[in-house]
$ cat data.cif   # mmCIF, N, CA and C atoms
data_structure
loop_
_atom_site.label_atom_id
_atom_site.label_comp_id
_atom_site.auth_asym_id
_atom_site.auth_seq_id
_atom_site.Cartn_x
_atom_site.Cartn_y
_atom_site.Cartn_z
N MET F 1 -15.34 -43.24 -22.18
CA MET F 1 -14.27 -42.83 -21.31
C MET F 1 -14.15 -43.87 -20.20
N ASN F 2 -12.95 -44.38 -20.03
CA ASN F 2 -12.77 -45.38 -18.98
C ASN F 2 -12.57 -44.70 -17.63
N ALA F 3 -12.53 -45.48 -16.58
CA ALA F 3 -12.43 -44.96 -15.21
C ALA F 3 -11.13 -44.22 -14.99
N GLN F 4 -10.05 -44.70 -15.57
CA GLN F 4 -8.76 -44.07 -15.37
C GLN F 4 -8.73 -42.68 -16.01
N SER F 5 -9.26 -42.54 -17.21
CA SER F 5 -9.32 -41.25 -17.90
C SER F 5 -10.22 -40.29 -17.13
N TYR F 6 -11.33 -40.80 -16.63
CA TYR F 6 -12.25 -39.98 -15.85
C TYR F 6 -11.56 -39.43 -14.60
N LEU F 7 -10.83 -40.28 -13.87
CA LEU F 7 -10.13 -39.85 -12.66
C LEU F 7 -9.04 -38.82 -12.98
N LEU F 8 -8.35 -39.01 -14.09
CA LEU F 8 -7.32 -38.06 -14.50
C LEU F 8 -7.94 -36.70 -14.84
N ALA F 9 -9.03 -36.71 -15.59
CA ALA F 9 -9.72 -35.46 -15.94
C ALA F 9 -10.23 -34.75 -14.69
N ARG F 10 -10.76 -35.52 -13.76
CA ARG F 10 -11.28 -34.96 -12.49
C ARG F 10 -10.14 -34.34 -11.68
N ALA F 11 -9.00 -35.02 -11.61
CA ALA F 11 -7.84 -34.51 -10.86
C ALA F 11 -7.34 -33.21 -11.47
N LEU F 12 -7.29 -33.13 -12.80
CA LEU F 12 -6.85 -31.91 -13.47
C LEU F 12 -7.81 -30.75 -13.20
N ALA F 13 -9.10 -31.04 -13.19
CA ALA F 13 -10.08 -29.99 -12.91
C ALA F 13 -9.91 -29.45 -11.49
N ILE F 14 -9.65 -30.34 -10.55
CA ILE F 14 -9.43 -29.92 -9.15
C ILE F 14 -8.16 -29.08 -9.04
N LEU F 15 -7.10 -29.50 -9.73
CA LEU F 15 -5.85 -28.73 -9.70
C LEU F 15 -6.04 -27.33 -10.29
N ARG F 16 -6.80 -27.21 -11.38
CA ARG F 16 -7.07 -25.90 -11.98
C ARG F 16 -7.80 -25.00 -10.99
N ARG F 17 -8.81 -25.54 -10.31
CA ARG F 17 -9.56 -24.74 -9.32
C ARG F 17 -8.64 -24.31 -8.19
N CYS F 18 -7.82 -25.24 -7.70
CA CYS F 18 -6.90 -24.91 -6.61
C CYS F 18 -5.90 -23.85 -7.04
N GLY F 19 -5.42 -23.97 -8.28
CA GLY F 19 -4.48 -22.97 -8.81
C GLY F 19 -5.12 -21.60 -8.90
N LEU F 20 -6.37 -21.55 -9.34
CA LEU F 20 -7.09 -20.28 -9.42
C LEU F 20 -7.30 -19.69 -8.04
N VAL F 21 -7.69 -20.49 -7.09
CA VAL F 21 -7.89 -20.02 -5.71
C VAL F 21 -6.57 -19.52 -5.13
N ALA F 22 -5.48 -20.24 -5.37
CA ALA F 22 -4.17 -19.84 -4.87
C ALA F 22 -3.74 -18.52 -5.49
N ALA F 23 -3.97 -18.35 -6.78
CA ALA F 23 -3.60 -17.11 -7.47
C ALA F 23 -4.39 -15.93 -6.91
N ILE F 24 -5.67 -16.10 -6.70
CA ILE F 24 -6.49 -15.03 -6.14
C ILE F 24 -6.03 -14.69 -4.73
N ALA F 25 -5.74 -15.70 -3.92
CA ALA F 25 -5.27 -15.46 -2.56
C ALA F 25 -3.95 -14.72 -2.56
N LEU F 26 -3.05 -15.07 -3.45
CA LEU F 26 -1.75 -14.41 -3.54
C LEU F 26 -1.92 -12.95 -3.95
N LEU F 27 -2.77 -12.68 -4.92
CA LEU F 27 -2.97 -11.31 -5.38
C LEU F 27 -3.60 -10.43 -4.30
N THR F 28 -4.50 -10.97 -3.50
CA THR F 28 -5.10 -10.16 -2.44
C THR F 28 -4.13 -9.96 -1.28
N TRP F 29 -3.18 -10.86 -1.12
CA TRP F 29 -2.21 -10.74 -0.04
C TRP F 29 -1.11 -9.76 -0.36
N LEU F 30 -0.73 -9.65 -1.63
CA LEU F 30 0.37 -8.77 -2.02
C LEU F 30 0.06 -7.33 -1.64
N PRO F 31 1.06 -6.57 -1.19
CA PRO F 31 0.84 -5.17 -0.84
C PRO F 31 0.37 -4.38 -2.06
N SER F 32 -0.49 -3.43 -1.81
CA SER F 32 -0.95 -2.58 -2.90
C SER F 32 0.15 -1.57 -3.25
N GLU F 33 -0.03 -0.87 -4.33
CA GLU F 33 0.97 0.07 -4.80
C GLU F 33 1.26 1.15 -3.77
N SER F 34 0.23 1.64 -3.08
CA SER F 34 0.43 2.71 -2.10
C SER F 34 1.28 2.23 -0.92
N GLN F 35 1.22 0.96 -0.57
CA GLN F 35 2.01 0.45 0.53
C GLN F 35 3.48 0.33 0.14
N LEU F 36 3.75 0.21 -1.12
CA LEU F 36 5.11 0.04 -1.57
C LEU F 36 5.85 1.36 -1.72
N GLN F 37 5.16 2.47 -1.58
CA GLN F 37 5.77 3.77 -1.78
C GLN F 37 5.86 4.51 -0.44
N PRO F 38 7.00 4.39 0.25
CA PRO F 38 7.13 5.09 1.52
C PRO F 38 7.13 6.60 1.29
N ARG F 39 6.79 7.33 2.33
CA ARG F 39 6.78 8.78 2.23
C ARG F 39 7.65 9.37 3.33
N SER F 40 7.81 10.67 3.28
CA SER F 40 8.61 11.37 4.27
C SER F 40 7.77 12.48 4.88
N VAL F 41 8.27 13.07 5.95
CA VAL F 41 7.64 14.25 6.54
C VAL F 41 8.76 15.20 6.94
N THR F 42 8.53 16.48 6.72
CA THR F 42 9.49 17.51 7.11
C THR F 42 8.74 18.60 7.87
N GLY F 43 9.50 19.46 8.51
CA GLY F 43 8.90 20.59 9.21
C GLY F 43 9.94 21.41 9.93
N VAL F 44 9.45 22.44 10.62
CA VAL F 44 10.30 23.33 11.40
C VAL F 44 9.68 23.47 12.78
N VAL F 45 10.54 23.47 13.80
CA VAL F 45 10.10 23.69 15.17
C VAL F 45 10.42 25.14 15.52
N THR F 46 9.39 25.86 15.98
CA THR F 46 9.55 27.28 16.31
C THR F 46 9.00 27.57 17.70
N ASP F 47 9.32 28.79 18.21
CA ASP F 47 8.71 29.28 19.43
C ASP F 47 7.46 30.08 19.07
N LYS F 48 6.83 30.74 20.06
CA LYS F 48 5.59 31.50 19.82
C LYS F 48 5.79 32.60 18.78
N ARG F 49 6.98 33.18 18.76
CA ARG F 49 7.25 34.31 17.85
C ARG F 49 7.67 33.87 16.46
N GLY F 50 7.80 32.57 16.26
CA GLY F 50 8.20 32.07 14.94
C GLY F 50 9.69 31.89 14.79
N ASN F 51 10.45 32.03 15.87
CA ASN F 51 11.90 31.82 15.81
C ASN F 51 12.19 30.32 15.81
N ALA F 52 13.11 29.92 14.96
CA ALA F 52 13.50 28.51 14.87
C ALA F 52 14.15 28.07 16.17
N LEU F 53 13.93 26.82 16.54
CA LEU F 53 14.50 26.25 17.76
C LEU F 53 15.47 25.12 17.40
N PRO F 54 16.76 25.45 17.22
CA PRO F 54 17.72 24.39 16.96
C PRO F 54 17.93 23.55 18.21
N GLY F 55 18.15 22.26 18.02
CA GLY F 55 18.39 21.37 19.16
C GLY F 55 17.13 20.85 19.83
N ALA F 56 15.97 21.14 19.27
CA ALA F 56 14.72 20.58 19.82
C ALA F 56 14.63 19.11 19.41
N ALA F 57 14.04 18.31 20.25
CA ALA F 57 13.87 16.88 19.96
C ALA F 57 12.47 16.65 19.40
N VAL F 58 12.40 16.14 18.19
CA VAL F 58 11.12 15.83 17.55
C VAL F 58 10.91 14.32 17.65
N GLN F 59 9.73 13.94 18.10
CA GLN F 59 9.38 12.52 18.20
C GLN F 59 8.29 12.17 17.21
N LEU F 60 8.49 11.07 16.52
CA LEU F 60 7.52 10.54 15.56
C LEU F 60 7.07 9.20 16.08
N GLU F 61 5.77 9.09 16.43
CA GLU F 61 5.25 7.84 16.98
C GLU F 61 4.35 7.15 15.98
N ASN F 62 4.62 5.89 15.71
CA ASN F 62 3.79 5.04 14.88
C ASN F 62 2.58 4.65 15.73
N THR F 63 1.37 4.99 15.30
CA THR F 63 0.18 4.75 16.11
C THR F 63 -0.28 3.30 16.10
N VAL F 64 0.33 2.46 15.25
CA VAL F 64 -0.05 1.05 15.20
C VAL F 64 0.77 0.24 16.20
N ASN F 65 2.10 0.36 16.12
CA ASN F 65 2.94 -0.44 17.00
C ASN F 65 3.61 0.37 18.11
N LEU F 66 3.32 1.67 18.15
CA LEU F 66 3.79 2.60 19.17
C LEU F 66 5.31 2.78 19.20
N SER F 67 5.99 2.42 18.13
CA SER F 67 7.43 2.68 18.06
C SER F 67 7.65 4.18 17.89
N VAL F 68 8.77 4.68 18.41
CA VAL F 68 9.08 6.10 18.37
C VAL F 68 10.45 6.30 17.73
N ARG F 69 10.49 7.26 16.79
CA ARG F 69 11.76 7.69 16.20
C ARG F 69 11.98 9.13 16.61
N SER F 70 13.25 9.54 16.73
CA SER F 70 13.57 10.91 17.17
C SER F 70 14.51 11.58 16.19
N PHE F 71 14.44 12.91 16.18
CA PHE F 71 15.32 13.72 15.36
C PHE F 71 15.62 15.00 16.12
N ILE F 72 16.89 15.39 16.20
CA ILE F 72 17.28 16.65 16.82
C ILE F 72 17.33 17.69 15.71
N THR F 73 16.58 18.79 15.89
CA THR F 73 16.48 19.79 14.82
C THR F 73 17.82 20.43 14.52
N ARG F 74 17.96 20.84 13.29
CA ARG F 74 19.17 21.49 12.79
C ARG F 74 19.22 22.94 13.26
N LYS F 75 20.24 23.66 12.81
CA LYS F 75 20.41 25.08 13.19
C LYS F 75 19.21 25.93 12.80
N ASP F 76 18.55 25.56 11.70
CA ASP F 76 17.39 26.32 11.24
C ASP F 76 16.07 25.80 11.82
N GLY F 77 16.14 24.87 12.77
CA GLY F 77 14.94 24.32 13.40
C GLY F 77 14.25 23.24 12.59
N SER F 78 14.84 22.83 11.48
CA SER F 78 14.18 21.86 10.60
C SER F 78 14.45 20.42 11.04
N TYR F 79 13.55 19.56 10.64
CA TYR F 79 13.67 18.12 10.89
C TYR F 79 13.08 17.38 9.72
N PHE F 80 13.38 16.08 9.63
CA PHE F 80 12.76 15.23 8.62
C PHE F 80 12.80 13.78 9.06
N PHE F 81 11.84 13.03 8.57
CA PHE F 81 11.78 11.58 8.75
C PHE F 81 11.46 10.99 7.37
N THR F 82 12.12 9.90 7.03
CA THR F 82 11.88 9.25 5.74
C THR F 82 11.46 7.80 5.97
N GLY F 83 11.00 7.17 4.90
CA GLY F 83 10.65 5.76 4.95
C GLY F 83 9.39 5.45 5.74
N LEU F 84 8.44 6.39 5.76
CA LEU F 84 7.21 6.19 6.52
C LEU F 84 6.19 5.41 5.69
N ASN F 85 5.50 4.50 6.33
CA ASN F 85 4.44 3.71 5.70
C ASN F 85 3.23 4.61 5.47
N SER F 86 2.79 4.72 4.23
CA SER F 86 1.67 5.60 3.91
C SER F 86 0.32 5.05 4.37
N GLU F 87 0.30 3.84 4.91
CA GLU F 87 -0.94 3.23 5.39
C GLU F 87 -1.08 3.35 6.91
N ILE F 88 -0.22 4.13 7.56
CA ILE F 88 -0.21 4.24 9.02
C ILE F 88 -0.28 5.71 9.42
N ASP F 89 -1.02 6.01 10.48
CA ASP F 89 -1.03 7.35 11.08
C ASP F 89 0.19 7.49 11.98
N TYR F 90 0.73 8.69 12.05
CA TYR F 90 1.85 9.00 12.94
C TYR F 90 1.50 10.22 13.78
N THR F 91 2.05 10.28 14.99
CA THR F 91 1.90 11.45 15.85
C THR F 91 3.26 12.10 16.00
N LEU F 92 3.29 13.42 15.78
CA LEU F 92 4.52 14.19 15.89
C LEU F 92 4.41 15.17 17.05
N LYS F 93 5.49 15.32 17.81
CA LYS F 93 5.55 16.33 18.86
C LYS F 93 7.01 16.68 19.08
N ALA F 94 7.25 17.87 19.63
CA ALA F 94 8.61 18.33 19.84
C ALA F 94 8.79 18.79 21.27
N LYS F 95 10.02 18.62 21.76
CA LYS F 95 10.38 19.06 23.11
C LYS F 95 11.60 19.96 23.02
N TYR F 96 11.52 21.10 23.72
CA TYR F 96 12.65 22.01 23.83
C TYR F 96 12.78 22.39 25.28
N ARG F 97 13.91 22.04 25.87
CA ARG F 97 14.13 22.16 27.30
C ARG F 97 13.03 21.37 28.01
N ASN F 98 12.19 22.00 28.82
CA ASN F 98 11.12 21.25 29.50
C ASN F 98 9.75 21.55 28.91
N TYR F 99 9.70 22.05 27.70
CA TYR F 99 8.43 22.44 27.08
C TYR F 99 8.14 21.56 25.87
N TRP F 100 6.86 21.21 25.72
CA TRP F 100 6.41 20.35 24.63
C TRP F 100 5.48 21.12 23.70
N SER F 101 5.51 20.79 22.44
CA SER F 101 4.51 21.29 21.49
C SER F 101 3.24 20.47 21.66
N GLN F 102 2.17 20.95 21.08
CA GLN F 102 0.96 20.14 20.99
C GLN F 102 1.22 19.03 19.97
N PRO F 103 0.76 17.82 20.23
CA PRO F 103 0.97 16.76 19.24
C PRO F 103 0.14 17.02 17.98
N LYS F 104 0.70 16.65 16.85
CA LYS F 104 -0.01 16.74 15.56
C LYS F 104 -0.01 15.37 14.91
N THR F 105 -1.09 15.06 14.22
CA THR F 105 -1.23 13.76 13.56
C THR F 105 -0.94 13.89 12.07
N LEU F 106 -0.10 13.00 11.59
CA LEU F 106 0.12 12.83 10.15
C LEU F 106 -0.77 11.66 9.75
N SER F 107 -1.87 11.97 9.10
CA SER F 107 -2.89 10.96 8.78
C SER F 107 -2.53 10.15 7.54
N LYS F 108 -2.92 8.90 7.56
CA LYS F 108 -2.75 8.05 6.37
C LYS F 108 -3.63 8.56 5.23
N PHE F 109 -4.63 9.38 5.54
CA PHE F 109 -5.51 9.93 4.51
C PHE F 109 -4.91 11.16 3.84
N ASN F 110 -3.82 11.69 4.41
CA ASN F 110 -3.07 12.78 3.77
C ASN F 110 -2.24 12.14 2.67
N GLU F 111 -2.63 12.35 1.43
CA GLU F 111 -2.01 11.65 0.31
C GLU F 111 -0.74 12.29 -0.20
N SER F 112 -0.29 13.37 0.42
CA SER F 112 0.94 14.02 -0.01
C SER F 112 2.13 13.09 0.19
N ARG F 113 3.01 13.03 -0.79
CA ARG F 113 4.20 12.19 -0.69
C ARG F 113 5.23 12.81 0.26
N HIS F 114 5.20 14.15 0.42
CA HIS F 114 6.16 14.86 1.27
C HIS F 114 5.43 15.93 2.10
N PRO F 115 4.60 15.51 3.04
CA PRO F 115 3.86 16.49 3.84
C PRO F 115 4.80 17.31 4.74
N VAL F 116 4.34 18.51 5.07
CA VAL F 116 5.08 19.40 5.96
C VAL F 116 4.25 19.58 7.23
N VAL F 117 4.86 19.29 8.38
CA VAL F 117 4.19 19.45 9.67
C VAL F 117 5.09 20.31 10.55
N ASN F 118 4.71 21.57 10.70
CA ASN F 118 5.47 22.48 11.56
C ASN F 118 4.94 22.38 12.99
N LEU F 119 5.86 22.49 13.94
CA LEU F 119 5.50 22.36 15.36
C LEU F 119 5.90 23.64 16.09
N MET F 120 5.04 24.09 17.01
CA MET F 120 5.31 25.30 17.77
C MET F 120 5.36 24.95 19.26
N ILE F 121 6.43 25.37 19.91
CA ILE F 121 6.58 25.18 21.34
C ILE F 121 6.23 26.50 22.02
N PRO F 122 5.32 26.48 22.98
CA PRO F 122 4.80 27.73 23.56
C PRO F 122 5.77 28.41 24.54
N ILE F 123 6.90 28.87 24.02
CA ILE F 123 7.82 29.68 24.81
C ILE F 123 8.13 30.94 24.02
N GLU F 124 8.64 31.94 24.71
CA GLU F 124 8.98 33.20 24.01
C GLU F 124 10.46 33.39 23.95
#
$ encode --input "data.cif" --output "structure tokens"
Amino acid sequence: MNAQSYLLARALAILRRCGLVAAIALLTWLPSESQLQPRSVTGVVTDKRGNALPGAAVQLENTVNLSVRSFITRKDGSYFFTGLNSEIDYTLKAKYRNYWSQPKTLSKFNESRHPVVNLMIPIE
């Protein structure tokens, strides 16, 4: 084997290793299947007696970047949020007039695709 053939073979071997390393890096960087499947959350806001509270403001806070989304409950007190990242925890709370519900956490460990989180505001 002459020097030129040796250098060519060596260069090809290096390129194969680099290609393998690049492929492994790309595969570990790509989002996993669970990250590609957004989820939603629904619920109802009620008072102490279980009566629905239409017009309550529900806040959904992303615990990673602290962004907040809001939803005004419907006539039946229901709300929903869609397109949530299943790899992030969220905090939900509701406000009706000057009263707040206790915050509830929607955990990333809750594997339900459509979890239900009901909120109660302590008024009668």
$ select_by_dssp --input "data.cif" --residues "chain F" --states "strand (DSSP E)" --output "PyMOL selection string"
chain F and resi 39-46+57-62+68-72+78-84+90-96+99-100+104-106+119-120
$ atom_distance --input "data.cif" --atom1 "CA of Pro54 (chain F)" --atom2 "CA of Asp89 (chain F)"
26.0 Å
$ select_by_dssp --input "data.cif" --residues "chain F" --states "helix (DSSP H, G or I)" --output "NGL selection string"
:F and (3-29 or 33-36)
$ closest_residue --input "data.cif" --among "F:Leu53, F:Gly83, F:Ile14, F:Val58" --to "Phe71 (chain F)" --atoms "only N, CA and C atoms"
F:Val58
$ atom_distance --input "data.cif" --atom1 "CA of Lys95 (chain F)" --atom2 "CA of Val45 (chain F)"
9.2 Å
$ resolve_selection --input "data.cif" --expression "the PyMOL selection byres (((chain F and resi 100-117 and name CA) around 6) and name CA)" --output "ChimeraX atom specification"
/F:39-43,86-95,99,118,120-121
$ resolve_selection --input "data.cif" --expression "the PyMOL selection byres (((chain F and resi 48 and name CA) around 10) and name CA)" --output "number ranges by chain"
F: 46-47, 49-52, 120-124
$ atom_distance --input "data.cif" --atom1 "atom N of Asn85 (chain F)" --atom2 "atom N of Val44 (chain F)"
18.9 Å
$ closest_residue --input "data.cif" --among "F:Asn98, F:Arg10, F:Ser5, F:Ala56" --to "Gly77 (chain F)" --atoms "only N, CA and C atoms"
F:Ala56
$ resolve_selection --input "data.cif" --expression "the PyMOL selection byres ((chain F and resi 69) around 6)" --output "list in words"
Val58, Gln59, Leu60, Glu61, Ser67, Val68, Ser70 and Phe71 of chain F
$ closest_residue --input "data.cif" --among "F:Leu15, F:Ile72, F:Leu119, F:Leu84" --to "Ala57 (chain F)" --atoms "only C-alpha atoms"
F:Ile72
